[in-house]
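File shown: work.tsv (TSV, C-alpha atoms and all ligand atoms).
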chain	number	residue	atom	x	y	z
A	121	MET	CA	22.06	-2.91	17.23
A	122	ARG	CA	18.54	-4.38	17.33
A	123	PHE	CA	18.18	-7.76	19.04
A	124	LEU	CA	15.30	-10.17	18.44
A	125	GLN	CA	12.80	-10.08	21.28
A	126	ASN	CA	10.04	-12.27	22.64
A	127	GLY	CA	6.89	-11.29	20.68
A	128	ASP	CA	8.73	-10.08	17.55
A	129	ARG	CA	7.46	-11.21	14.17
A	130	ILE	CA	10.55	-12.50	12.38
A	131	HIS	CA	11.38	-14.25	9.13
A	132	LEU	CA	13.79	-17.14	8.80
A	133	VAL	CA	15.33	-17.03	5.33
A	134	ASP	CA	16.98	-20.01	3.62
A	135	LYS	CA	19.79	-20.09	1.05
A	136	LYS	CA	17.30	-19.82	-1.83
A	137	GLY	CA	15.75	-16.68	-0.33
A	138	ARG	CA	12.57	-18.44	0.79
A	139	GLN	CA	11.09	-16.79	3.87
A	140	TYR	CA	9.25	-18.42	6.78
A	141	ALA	CA	7.36	-16.16	9.18
A	142	LEU	CA	7.04	-16.82	12.91
A	143	THR	CA	6.24	-14.87	16.05
A	144	LEU	CA	8.84	-15.43	18.76
A	145	LYS	CA	7.41	-16.98	21.93
A	146	ALA	CA	9.68	-18.13	24.73
A	147	GLY	CA	9.40	-21.92	25.15
A	148	GLU	CA	8.10	-22.63	21.62
A	149	VAL	CA	9.87	-24.48	18.82
A	150	PHE	CA	10.00	-23.66	15.08
A	151	GLN	CA	9.84	-26.69	12.80
A	152	TYR	CA	10.98	-26.84	9.19
A	153	SER	CA	11.14	-29.98	7.09
A	154	GLY	CA	11.91	-32.26	10.05
A	155	GLN	CA	14.40	-29.82	11.59
A	156	THR	CA	13.77	-27.59	14.59
A	157	ILE	CA	15.08	-24.54	16.42
A	158	ALA	CA	13.88	-23.32	19.82
A	159	HIS	CA	12.55	-19.76	19.86
A	160	ASP	CA	14.73	-19.30	22.97
A	161	ASP	CA	17.76	-19.82	20.69
A	162	LEU	CA	16.56	-16.97	18.47
A	163	ILE	CA	15.53	-14.50	21.20
A	164	GLY	CA	18.48	-12.25	22.00
A	165	LYS	CA	20.23	-12.79	18.64
A	166	ALA	CA	21.01	-9.72	16.55
A	167	ASP	CA	18.68	-8.93	13.62
A	168	GLY	CA	20.36	-10.57	10.61
A	169	SER	CA	22.07	-13.39	12.54
A	170	LEU	CA	22.94	-16.72	10.97
A	171	VAL	CA	21.28	-19.55	12.93
A	172	MET	CA	21.45	-23.34	12.68
A	173	LEU	CA	18.54	-25.79	12.85
A	174	SER	CA	18.74	-29.16	14.63
A	175	ARG	CA	20.22	-31.10	11.67
A	176	GLY	CA	22.55	-28.39	10.44
A	177	LYS	CA	20.38	-26.34	8.06
A	178	ARG	CA	21.52	-22.72	8.18
A	179	MET	CA	19.11	-19.81	7.94
A	180	VAL	CA	19.22	-16.07	8.56
A	181	ALA	CA	16.90	-14.60	11.20
A	182	LEU	CA	15.57	-11.18	10.17
A	183	LEU	CA	13.02	-8.63	11.25
A	184	PRO	CA	11.05	-8.34	7.98
A	185	THR	CA	10.80	-5.13	6.01
A	186	LEU	CA	7.26	-3.87	5.53
A	187	GLY	CA	7.29	-5.27	1.98
A	188	GLU	CA	8.39	-8.70	3.20
A	189	TYR	CA	5.93	-8.64	6.08
A	190	VAL	CA	2.84	-7.95	3.93
A	191	LEU	CA	3.61	-10.88	1.64
A	192	LYS	CA	3.64	-13.32	4.56
A	193	MET	CA	1.01	-11.91	6.92
A	194	PRO	CA	-2.45	-13.50	7.28
A	195	ARG	CA	-4.85	-12.15	4.67
A	196	GLY	CA	-8.52	-11.36	4.68
A	197	ALA	CA	-8.59	-9.43	1.43
A	198	GLN	CA	-5.93	-9.44	-1.32
A	199	VAL	CA	-3.07	-7.14	-0.31
A	200	ILE	CA	-1.40	-4.47	-2.41
A	201	TYR	CA	2.03	-5.67	-3.56
A	202	PRO	CA	5.16	-3.87	-2.34
A	203	LYS	CA	5.88	-2.48	-5.83
A	204	ASP	CA	2.51	-0.69	-5.76
A	205	LEU	CA	2.79	0.32	-2.09
A	206	ALA	CA	6.00	2.08	-3.01
A	207	MET	CA	4.38	3.94	-5.91
A	208	ILE	CA	1.26	4.83	-3.95
A	209	THR	CA	3.10	6.46	-1.05
A	210	ILE	CA	5.04	8.77	-3.37
A	211	TRP	CA	2.35	9.46	-5.98
A	212	ALA	CA	-0.24	10.17	-3.27
A	213	ASP	CA	2.52	12.25	-1.65
A	214	ILE	CA	1.97	10.90	1.85
A	215	TYR	CA	4.04	13.12	4.14
A	216	PRO	CA	4.76	13.29	7.88
A	217	GLY	CA	1.82	14.95	9.61
A	218	ALA	CA	-0.66	14.33	6.76
A	219	ARG	CA	-4.29	13.49	7.50
A	220	VAL	CA	-5.17	10.57	5.21
A	221	LEU	CA	-8.50	8.94	4.39
A	222	GLU	CA	-8.18	5.33	3.22
A	223	ALA	CA	-10.79	2.80	2.01
A	224	GLY	CA	-10.99	-0.18	2.29
A	225	THR	CA	-8.62	-1.37	4.94
A	226	GLY	CA	-8.60	-4.97	3.65
A	227	SER	CA	-5.71	-6.83	5.25
A	228	GLY	CA	-3.98	-3.60	6.30
A	229	ALA	CA	-0.97	-3.65	3.96
A	230	LEU	CA	-1.56	-0.18	2.51
A	231	THR	CA	-2.70	1.09	5.92
A	232	MET	CA	0.73	0.22	7.34
A	233	ALA	CA	2.55	1.99	4.52
A	234	LEU	CA	0.37	5.06	5.11
A	235	LEU	CA	0.87	4.97	8.89
A	236	ARG	CA	4.63	4.81	8.54
A	237	ALA	CA	4.63	7.70	6.07
A	238	VAL	CA	2.37	10.03	8.12
A	239	GLY	CA	4.41	9.39	11.26
A	240	GLU	CA	3.49	10.31	14.83
A	241	ARG	CA	1.99	13.70	13.98
A	242	GLY	CA	-0.25	12.40	11.19
A	243	ALA	CA	-3.55	10.52	11.11
A	244	VAL	CA	-5.00	7.70	9.03
A	245	VAL	CA	-8.75	7.13	9.01
A	246	SER	CA	-9.53	3.87	7.24
A	247	TYR	CA	-13.02	2.70	6.21
A	248	GLU	CA	-13.71	-1.03	6.05
A	249	ALA	CA	-17.15	-2.49	5.38
A	250	ARG	CA	-16.36	-5.96	6.75
A	251	GLU	CA	-15.91	-6.54	10.46
A	252	ASP	CA	-13.79	-9.69	9.95
A	253	PHE	CA	-11.39	-7.90	7.58
A	254	ALA	CA	-11.09	-4.96	9.97
A	255	ARG	CA	-10.15	-7.37	12.79
A	256	THR	CA	-7.53	-9.20	10.68
A	257	ALA	CA	-6.09	-5.87	9.53
A	258	MET	CA	-5.82	-4.53	13.08
A	259	LYS	CA	-3.99	-7.70	14.20
A	260	ASN	CA	-1.58	-7.47	11.25
A	261	ILE	CA	-0.93	-3.79	11.86
A	262	GLU	CA	-0.36	-4.03	15.61
A	263	ARG	CA	1.88	-7.07	15.28
A	264	LEU	CA	4.28	-5.07	13.12
A	265	LEU	CA	3.85	-1.52	14.39
A	266	GLY	CA	2.62	-2.03	17.97
A	267	PRO	CA	-0.21	0.20	19.28
A	268	VAL	CA	-1.16	2.84	16.67
A	269	PRO	CA	-2.93	5.87	18.17
A	270	THR	CA	-2.71	7.58	14.75
A	271	LEU	CA	-5.10	5.02	13.19
A	272	THR	CA	-8.90	5.01	13.27
A	273	ILE	CA	-10.69	2.14	11.54
A	274	ARG	CA	-14.32	2.93	10.75
A	275	ARG	CA	-16.49	-0.11	10.09
A	276	GLN	CA	-18.63	1.77	7.61
A	277	ASP	CA	-19.56	1.80	3.94
A	278	VAL	CA	-17.52	4.63	2.42
A	279	TYR	CA	-19.92	4.81	-0.55
A	280	GLU	CA	-22.42	6.35	1.87
A	281	GLY	CA	-20.17	9.25	2.80
A	282	ILE	CA	-16.98	10.39	4.52
A	283	GLU	CA	-16.96	11.95	7.98
A	284	THR	CA	-14.33	14.66	8.12
A	285	GLY	CA	-14.50	15.85	11.73
A	286	GLU	CA	-13.00	19.30	12.23
A	287	LYS	CA	-10.38	19.13	9.49
A	288	LEU	CA	-10.59	18.06	5.85
A	289	PHE	CA	-8.29	15.32	4.61
A	290	ASP	CA	-4.97	16.10	2.92
A	291	ARG	CA	-4.95	12.84	0.98
A	292	ILE	CA	-7.58	10.25	-0.07
A	293	VAL	CA	-6.34	6.77	-1.02
A	294	LEU	CA	-8.77	4.12	-2.24
A	295	ASP	CA	-8.43	0.39	-2.87
A	296	LEU	CA	-11.96	-0.89	-3.35
A	297	PRO	CA	-14.09	-2.04	-6.29
A	298	GLU	CA	-16.02	1.16	-7.13
A	299	PRO	CA	-13.90	4.22	-6.31
A	300	TRP	CA	-16.02	6.41	-8.60
A	301	ARG	CA	-18.76	6.13	-5.96
A	302	VAL	CA	-16.41	7.79	-3.47
A	303	VAL	CA	-15.50	10.68	-5.78
A	304	PRO	CA	-18.61	12.82	-4.92
A	305	HIS	CA	-17.73	12.45	-1.21
A	306	ALA	CA	-14.06	13.20	-1.89
A	307	VAL	CA	-15.13	16.54	-3.36
A	308	HIS	CA	-16.26	17.61	0.12
A	309	ALA	CA	-13.80	15.67	2.28
A	310	LEU	CA	-10.51	16.58	0.54
A	311	ARG	CA	-8.86	19.95	1.05
A	312	SER	CA	-8.01	22.14	-1.92
A	313	GLY	CA	-4.64	21.07	-3.31
A	314	GLY	CA	-5.11	17.63	-1.76
A	315	VAL	CA	-4.29	14.41	-3.61
A	316	TYR	CA	-6.82	11.76	-4.64
A	317	LEU	CA	-5.45	8.31	-5.53
A	318	SER	CA	-7.25	5.09	-6.36
A	319	TYR	CA	-6.05	1.63	-7.28
A	320	VAL	CA	-8.13	-0.76	-9.40
A	321	PRO	CA	-7.32	-3.92	-11.37
A	322	THR	CA	-9.35	-3.43	-14.57
A	323	VAL	CA	-9.72	-0.93	-17.42
A	324	PRO	CA	-13.52	-0.41	-17.08
A	325	GLN	CA	-12.92	0.53	-13.42
A	326	VAL	CA	-10.28	3.07	-14.48
A	327	MET	CA	-12.63	4.52	-17.09
A	328	GLN	CA	-15.47	4.99	-14.62
A	329	THR	CA	-13.11	6.52	-12.07
A	330	VAL	CA	-11.61	9.05	-14.47
A	331	GLU	CA	-15.08	9.94	-15.80
A	332	ALA	CA	-16.27	10.59	-12.22
A	333	LEU	CA	-13.20	12.74	-11.47
A	334	GLU	CA	-13.75	14.79	-14.62
A	335	ARG	CA	-17.48	15.12	-13.93
A	336	ALA	CA	-16.79	16.40	-10.42
A	337	ALA	CA	-15.02	19.38	-12.06
A	338	VAL	CA	-12.75	20.04	-9.06
A	339	PHE	CA	-10.00	17.61	-10.01
A	340	GLY	CA	-7.05	18.30	-12.29
A	341	LEU	CA	-3.71	16.72	-13.21
A	342	ILE	CA	-5.51	13.40	-13.59
A	343	GLN	CA	-3.11	10.60	-14.52
A	344	THR	CA	-3.34	6.82	-14.70
A	345	PHE	CA	-0.44	4.38	-14.84
A	346	GLU	CA	0.61	0.88	-13.91
A	347	THR	CA	3.90	-0.41	-12.58
A	348	LEU	CA	5.77	-3.34	-14.08
A	349	LEU	CA	8.58	-4.62	-11.89
A	350	ARG	CA	10.93	-7.07	-13.60
A	351	THR	CA	13.55	-8.66	-11.40
A	352	TRP	CA	16.83	-9.95	-12.84
A	353	ASN	CA	18.87	-13.08	-12.36
A	354	ILE	CA	22.53	-12.19	-11.72
A	355	GLN	CA	24.62	-15.37	-11.42
A	356	GLY	CA	28.05	-15.45	-12.95
A	357	ARG	CA	27.56	-14.90	-16.68
A	358	SER	CA	23.84	-15.64	-16.48
A	359	VAL	CA	22.70	-12.05	-16.33
A	360	ARG	CA	19.16	-11.76	-17.64
A	361	PRO	CA	15.60	-10.91	-16.59
A	362	ASP	CA	13.93	-13.56	-14.41
A	363	HIS	CA	11.58	-15.83	-16.32
A	364	ARG	CA	8.61	-15.04	-14.11
A	365	MET	CA	7.10	-11.75	-13.04
A	366	VAL	CA	3.83	-10.34	-11.77
A	367	ALA	CA	2.64	-9.03	-15.11
A	368	HIS	CA	-0.39	-7.19	-13.77
A	369	SER	CA	-1.64	-6.02	-10.41
A	370	GLY	CA	-3.52	-2.73	-10.69
A	371	PHE	CA	-3.85	0.72	-12.27
A	372	ILE	CA	-3.18	3.79	-10.16
A	373	THR	CA	-5.17	6.94	-10.87
A	374	VAL	CA	-4.02	10.17	-9.24
A	375	ALA	CA	-5.62	13.63	-9.25
A	376	ARG	CA	-5.28	16.96	-7.43
A	377	LYS	CA	-8.23	18.84	-6.01
A	378	ILE	CA	-8.15	22.32	-7.51
A	379	GLU	CA	-10.26	25.39	-8.02
A	380	PRO	CA	-12.13	24.88	-11.31
A	381	GLY	CA	-11.57	27.16	-14.31
A	382	LEU	CA	-8.15	26.44	-15.78
A	383	TRP	CA	-9.21	23.34	-17.65
A	384	GLY	CA	-12.49	22.65	-19.40
A	385	SER	CA	-14.72	19.61	-19.17
A	386	ALA	CA	-13.88	15.96	-19.86
A	387	GLY	CA	-11.74	15.29	-22.92
A	388	SER	CA	-10.68	18.90	-23.43
A	389	ASP	CA	-7.20	20.36	-23.74
A	390	GLY	CA	-6.08	19.83	-20.14
A	391	PRO	CA	-3.42	17.55	-18.69
A	392	SER	CA	-5.96	14.72	-18.60
A	393	GLY	CA	-7.05	15.48	-22.20
A	394	SER	CA	-5.74	14.24	-25.53
A	395	GLU	CA	-2.63	16.42	-25.91
A	396	ASP	CA	-0.37	13.95	-24.13
A	397	GLU	CA	-1.68	10.74	-25.58
A	398	GLU	CA	1.52	10.09	-27.47
A	399	THR	CA	3.85	10.75	-24.54
A	400	GLY	CA	1.94	8.35	-22.32
A	401	SER	CA	3.57	9.26	-19.00
A	402	GLY	CA	3.83	12.03	-16.45
A	403	GLN	CA	7.60	11.99	-16.80
A	404	ALA	CA	7.42	12.49	-20.57
A	405	ARG	CA	5.04	15.38	-20.07
A	406	ASP	CA	7.35	17.00	-17.52
A	407	ALA	CA	10.21	16.71	-19.98
A	408	GLU	CA	8.17	18.35	-22.71
A	409	GLN	CA	6.85	21.18	-20.57
A	410	GLY	CA	10.12	21.95	-18.83
A	411	ASP	CA	10.05	24.32	-15.86
A	412	ALA	CA	8.30	27.20	-17.61
B	501	LIG	C1	-8.68	-5.20	-2.07
B	501	LIG	S1	-9.18	-4.95	-0.45
B	501	LIG	C2	-8.07	-3.74	0.19
B	501	LIG	C3	-6.72	-4.32	0.48
B	501	LIG	C4	-5.81	-3.36	1.21
B	501	LIG	N1	-5.52	-2.19	0.43
B	501	LIG	C5	-4.51	-4.04	1.59
B	501	LIG	O1	-3.47	-3.69	1.02
B	501	LIG	O2	-4.52	-4.91	2.47
B	501	LIG	C6	-10.66	-4.05	-0.62
B	501	LIG	C7	-11.38	-3.83	0.70
B	501	LIG	O3	-12.38	-2.86	0.54
B	501	LIG	C8	-13.45	-3.20	1.35
B	501	LIG	N2	-14.63	-2.49	0.83
B	501	LIG	C9	-15.29	-2.75	-0.33
B	501	LIG	N3	-16.30	-1.86	-0.48
B	501	LIG	C10	-16.25	-1.03	0.58
B	501	LIG	C11	-17.03	0.08	0.99
B	501	LIG	N4	-18.06	0.50	0.25
B	501	LIG	N5	-16.72	0.73	2.14
B	501	LIG	C12	-15.67	0.29	2.89
B	501	LIG	N6	-14.91	-0.77	2.56
B	501	LIG	C13	-15.19	-1.42	1.43
B	501	LIG	C14	-13.53	-4.71	1.23
B	501	LIG	O4	-14.26	-5.29	2.30
B	501	LIG	C15	-12.06	-5.09	1.23
B	501	LIG	O5	-11.62	-5.35	2.52

Can you dump the structure from the file as structure tokens?
Amino acid sequence: MRFLQNGDRIHLVDKKGRQYALTLKAGEVFQYSGQTIAHDDLIGKADGSLVMLSRGKRMVALLPTLGEYVLKMPRGAQVIYPKDLAMITIWADIYPGARVLEAGTGSGALTMALLRAVGERGAVVSYEAREDFARTAMKNIERLLGPVPTLTIRRQDVYEGIETGEKLFDRIVLDLPEPWRVVPHAVHALRSGGVYLSYVPTVPQVMQTVEALERAAVFGLIQTFETLLRTWNIQGRSVRPDHRMVAHSGFITVARKIEPGLWGSAGSDGPSGSEDEETGSGQARDAEQGDA
């Protein structure tokens, strides 16, 4: 059983599912629409407890999931939504012990997902050009995860180069405006077999990124996709998609660093070429190719 402690970031959730974030501090009082509850009345309660505010409003006190936390934490830059964080960690294949290069840190949402996935034996090196964003990100990260010896934030322009230290990176994950400018550095900083992933909101950015990957000649299995998450309303006989959804967030481009030679240059017959245009997805291609 996990009990709420002084210093925890928690969410109070009302009947409609609306979440209110607060950091527990002994002696302080949470106020909501004219009603209050002392933090001392929350400290010591089990995670998931039902609590009552001063005029009877009931709420549930929860330690937020990472996805819930990123939606409520203070932002410098726009964060990556949970639906994309989920896709990125699997498609970039972030594994325990991996050495990951990230840019830019932004508000730290993706950084946290990477840190959790690499675990205690891994490492995340995150480039962030802006000092203020790096500071906000570090606060966000430490408030949820505590001290993180596996994280290094470099306040540097990643377009100018990537420092590798003694070991190359296993994974490179980018969320910044011009990832194609990082591709020439990724060629040297990523180990063979490593995964490159970038996330951009517009089609011209995707085009420039894929062109740069193809030009570099050491990337294969290049794929681009987006994720549409449609939630449903399930109430009695009203079972239907919700009326509102986030229709667009960003495109994810993934590639593997490989020894050149199997596939030709841009637009040829490889997995990133025209053969699969009609199937439109990695899954469809897998189904067509089978295990042969
Ligand atoms: C969209 S935000 C990243 C948000 C982050 N992924 C998150 O989930 O919180 C893009 C970040 O990249 C940073 N950035 C832009 N160009 C950069 C560069 N050349 N080198 C390092 N960071 C850069 C920006 O300052 C900004 O913080």

Using 8 Å as the limit and counting all atoms listed in the file, can you tabulate each residue of chain A that touches ligand LIG 501 (chain B), with its shortest atom-to-atom distance in Å and the two atoms involved, as JSON lines?
{"residue": "A:Arg195", "atom": "CA", "partner": "B:LIG501", "partner_atom": "O2", "distance": 7.6}
{"residue": "A:Gly196", "atom": "CA", "partner": "B:LIG501", "partner_atom": "O5", "distance": 7.1}
{"residue": "A:Ala197", "atom": "CA", "partner": "B:LIG501", "partner_atom": "S1", "distance": 4.9}
{"residue": "A:Gln198", "atom": "CA", "partner": "B:LIG501", "partner_atom": "C1", "distance": 5.1}
{"residue": "A:Val199", "atom": "CA", "partner": "B:LIG501", "partner_atom": "O1", "distance": 3.7}
{"residue": "A:Ile200", "atom": "CA", "partner": "B:LIG501", "partner_atom": "O1", "distance": 4.1}
{"residue": "A:Tyr201", "atom": "CA", "partner": "B:LIG501", "partner_atom": "O1", "distance": 7.4}
{"residue": "A:Ala223", "atom": "CA", "partner": "B:LIG501", "partner_atom": "N6", "distance": 5.5}
{"residue": "A:Gly224", "atom": "CA", "partner": "B:LIG501", "partner_atom": "O3", "distance": 3.5}
{"residue": "A:Thr225", "atom": "CA", "partner": "B:LIG501", "partner_atom": "C4", "distance": 5.1}
{"residue": "A:Gly226", "atom": "CA", "partner": "B:LIG501", "partner_atom": "O5", "distance": 3.2}
{"residue": "A:Ser227", "atom": "CA", "partner": "B:LIG501", "partner_atom": "O2", "distance": 3.6}
{"residue": "A:Gly228", "atom": "CA", "partner": "B:LIG501", "partner_atom": "O2", "distance": 4.1}
{"residue": "A:Ala229", "atom": "CA", "partner": "B:LIG501", "partner_atom": "O1", "distance": 3.9}
{"residue": "A:Leu230", "atom": "CA", "partner": "B:LIG501", "partner_atom": "O1", "distance": 4.3}
{"residue": "A:Thr231", "atom": "CA", "partner": "B:LIG501", "partner_atom": "O1", "distance": 6.9}
{"residue": "A:Tyr247", "atom": "CA", "partner": "B:LIG501", "partner_atom": "C12", "distance": 4.9}
{"residue": "A:Glu248", "atom": "CA", "partner": "B:LIG501", "partner_atom": "N6", "distance": 3.7}
{"residue": "A:Ala249", "atom": "CA", "partner": "B:LIG501", "partner_atom": "N6", "distance": 4.0}
{"residue": "A:Arg250", "atom": "CA", "partner": "B:LIG501", "partner_atom": "O4", "distance": 5.0}
{"residue": "A:Phe253", "atom": "CA", "partner": "B:LIG501", "partner_atom": "O5", "distance": 5.7}
{"residue": "A:Ala254", "atom": "CA", "partner": "B:LIG501", "partner_atom": "O5", "distance": 7.5}
{"residue": "A:Ala257", "atom": "CA", "partner": "B:LIG501", "partner_atom": "O2", "distance": 7.3}
{"residue": "A:Arg275", "atom": "CA", "partner": "B:LIG501", "partner_atom": "C12", "distance": 7.3}
{"residue": "A:Gln276", "atom": "CA", "partner": "B:LIG501", "partner_atom": "C12", "distance": 5.8}
{"residue": "A:Asp277", "atom": "CA", "partner": "B:LIG501", "partner_atom": "N5", "distance": 3.5}
{"residue": "A:Val278", "atom": "CA", "partner": "B:LIG501", "partner_atom": "N5", "distance": 4.0}
{"residue": "A:Tyr279", "atom": "CA", "partner": "B:LIG501", "partner_atom": "N4", "distance": 4.8}
{"residue": "A:Glu280", "atom": "CA", "partner": "B:LIG501", "partner_atom": "N4", "distance": 7.5}
{"residue": "A:Leu294", "atom": "CA", "partner": "B:LIG501", "partner_atom": "N1", "distance": 7.6}
{"residue": "A:Asp295", "atom": "CA", "partner": "B:LIG501", "partner_atom": "N1", "distance": 5.1}
{"residue": "A:Leu296", "atom": "CA", "partner": "B:LIG501", "partner_atom": "C6", "distance": 4.4}
{"residue": "A:Pro297", "atom": "CA", "partner": "B:LIG501", "partner_atom": "C9", "distance": 6.1}
{"residue": "A:Glu298", "atom": "CA", "partner": "B:LIG501", "partner_atom": "N3", "distance": 7.3}

Exercise for the section: Would you list the contacts of stretch 136-142 of chain A as a list in words, taking every protein, DNA or RNA residue within 9 Å and counting all atoms listed in the file, but skipping same-chain residues closer than 5 positions in sequence? Expected result: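 That gives Asp128, Arg129, Ile130, His131, Phe150, Tyr152, Pro184, Glu188, Tyr189, Lys192 and Met193 of chain A.
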
Exercise for the section: Measure the distance from atom CA of A:Leu349 to atom CA of A:Asp204 in Å and round it to one decimal. Expected result: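 It comes out at 9.5 Å.
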
Exercise for the section: Would you please work out which residue, of A:Val293, A:Ala375, A:Leu310, A:Met207, is nearest to A:Leu348 when using all atoms listed in the file? Expected result: A:Met207

Problem - Given only C-alpha atoms as the counted atoms, nearest of A:Arg357, A:Arg122, A:Arg291, A:His305 to A:Ala212 - result: A:Arg291

Please provide as a PDB file with C-alpha atoms, in the coordinates of the input all residues within 9 Å of stretch 321-329 of chain A, with the sequence filter that same-chain residues fewer than 4 positions apart are discarded (counting all atoms listed in the file).
ATOM      1  CA  PRO A 297     -14.090  -2.040  -6.290  1.00  0.00           C
ATOM      2  CA  GLU A 298     -16.020   1.160  -7.130  1.00  0.00           C
ATOM      3  CA  PRO A 299     -13.900   4.220  -6.310  1.00  0.00           C
ATOM      4  CA  TRP A 300     -16.020   6.410  -8.600  1.00  0.00           C
ATOM      5  CA  ARG A 301     -18.760   6.130  -5.960  1.00  0.00           C
ATOM      6  CA  VAL A 303     -15.500  10.680  -5.780  1.00  0.00           C
ATOM      7  CA  LEU A 333     -13.200  12.740 -11.470  1.00  0.00           C
ATOM      8  CA  GLU A 334     -13.750  14.790 -14.620  1.00  0.00           C
ATOM      9  CA  THR A 344      -3.340   6.820 -14.700  1.00  0.00           C
ATOM     10  CA  HIS A 368      -0.390  -7.190 -13.770  1.00  0.00           C
ATOM     11  CA  SER A 369      -1.640  -6.020 -10.410  1.00  0.00           C
ATOM     12  CA  GLY A 370      -3.520  -2.730 -10.690  1.00  0.00           C
ATOM     13  CA  PHE A 371      -3.850   0.720 -12.270  1.00  0.00           C
ATOM     14  CA  ILE A 372      -3.180   3.790 -10.160  1.00  0.00           C
ATOM     15  CA  THR A 373      -5.170   6.940 -10.870  1.00  0.00           C
TER      16      THR A 373
END

Exercise for the section: Could you give me, as a PyMOL selection string, the residues within 7 Å of A:Gly168, counting all atoms listed in the file and dropping anything in the same chain fewer than 6 positions from it? Expected result: chain A and resi 180-182

Practice task
Enter the distance from atom CA of A:Ile163 to atom CA of A:Leu124, in Å, rounded to one decimal.
Solution key: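 Here the two named atoms are 5.1 Å from each other.
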
Practice task
Please indicate the distance in Å from atom CA of A:Ile378 to atom CA of A:Thr284, rounded to one decimal place.
Solution key: 18.5 Å

Problem - Nearest to A:Trp352, chosen from A:Ala158, A:Asp134, A:Leu382, A:Met365, with all atoms listed in the file counted in the distances - result: A:Met365

Handout entry: Pick from A:Asn126, A:Thr256, A:Ser174, A:Ser169, whichever lies nearest to A:Ile157 using all atoms listed in the file
Key =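 Going through A:Asn126, A:Thr256, A:Ser174, A:Ser169 one by one, the smallest distance to A:Ile157 is for A:Ser174.
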
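Once A:Pro216 and its same-chain neighbours fewer than 2 positions away are set aside, Asp213, Ile214, Ala218, Arg219, Leu234, Leu235, Arg236, Ala237, Val238, Gly239, Glu240, Arg241, Gly242 and Ala243 of chain A remain within 10 Å of it when counting only C-alpha atoms.
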
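Counting all atoms listed in the file and comparing A:Asp167, A:Glu331, A:Glu346, A:Glu379, the residue that lies closest to A:Pro304 is A:Glu331.
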
Fill in the blank from the handout: Of A:Val220, A:Leu173, A:Gln125, A:Arg178, the one sitting nearest A:Asp160 when using all atoms listed in the file is A:Gln125

How big is the axis-aligned box around the listed atoms of stretch 326-337 of chain A once 4 Å is added on each side, and where is its centre? Give both in Å to one decimal, as JSON.
{"center_x": -13.9, "center_y": 11.2, "center_z": -13.8, "size_x": 15.2, "size_y": 24.3, "size_z": 14.7}
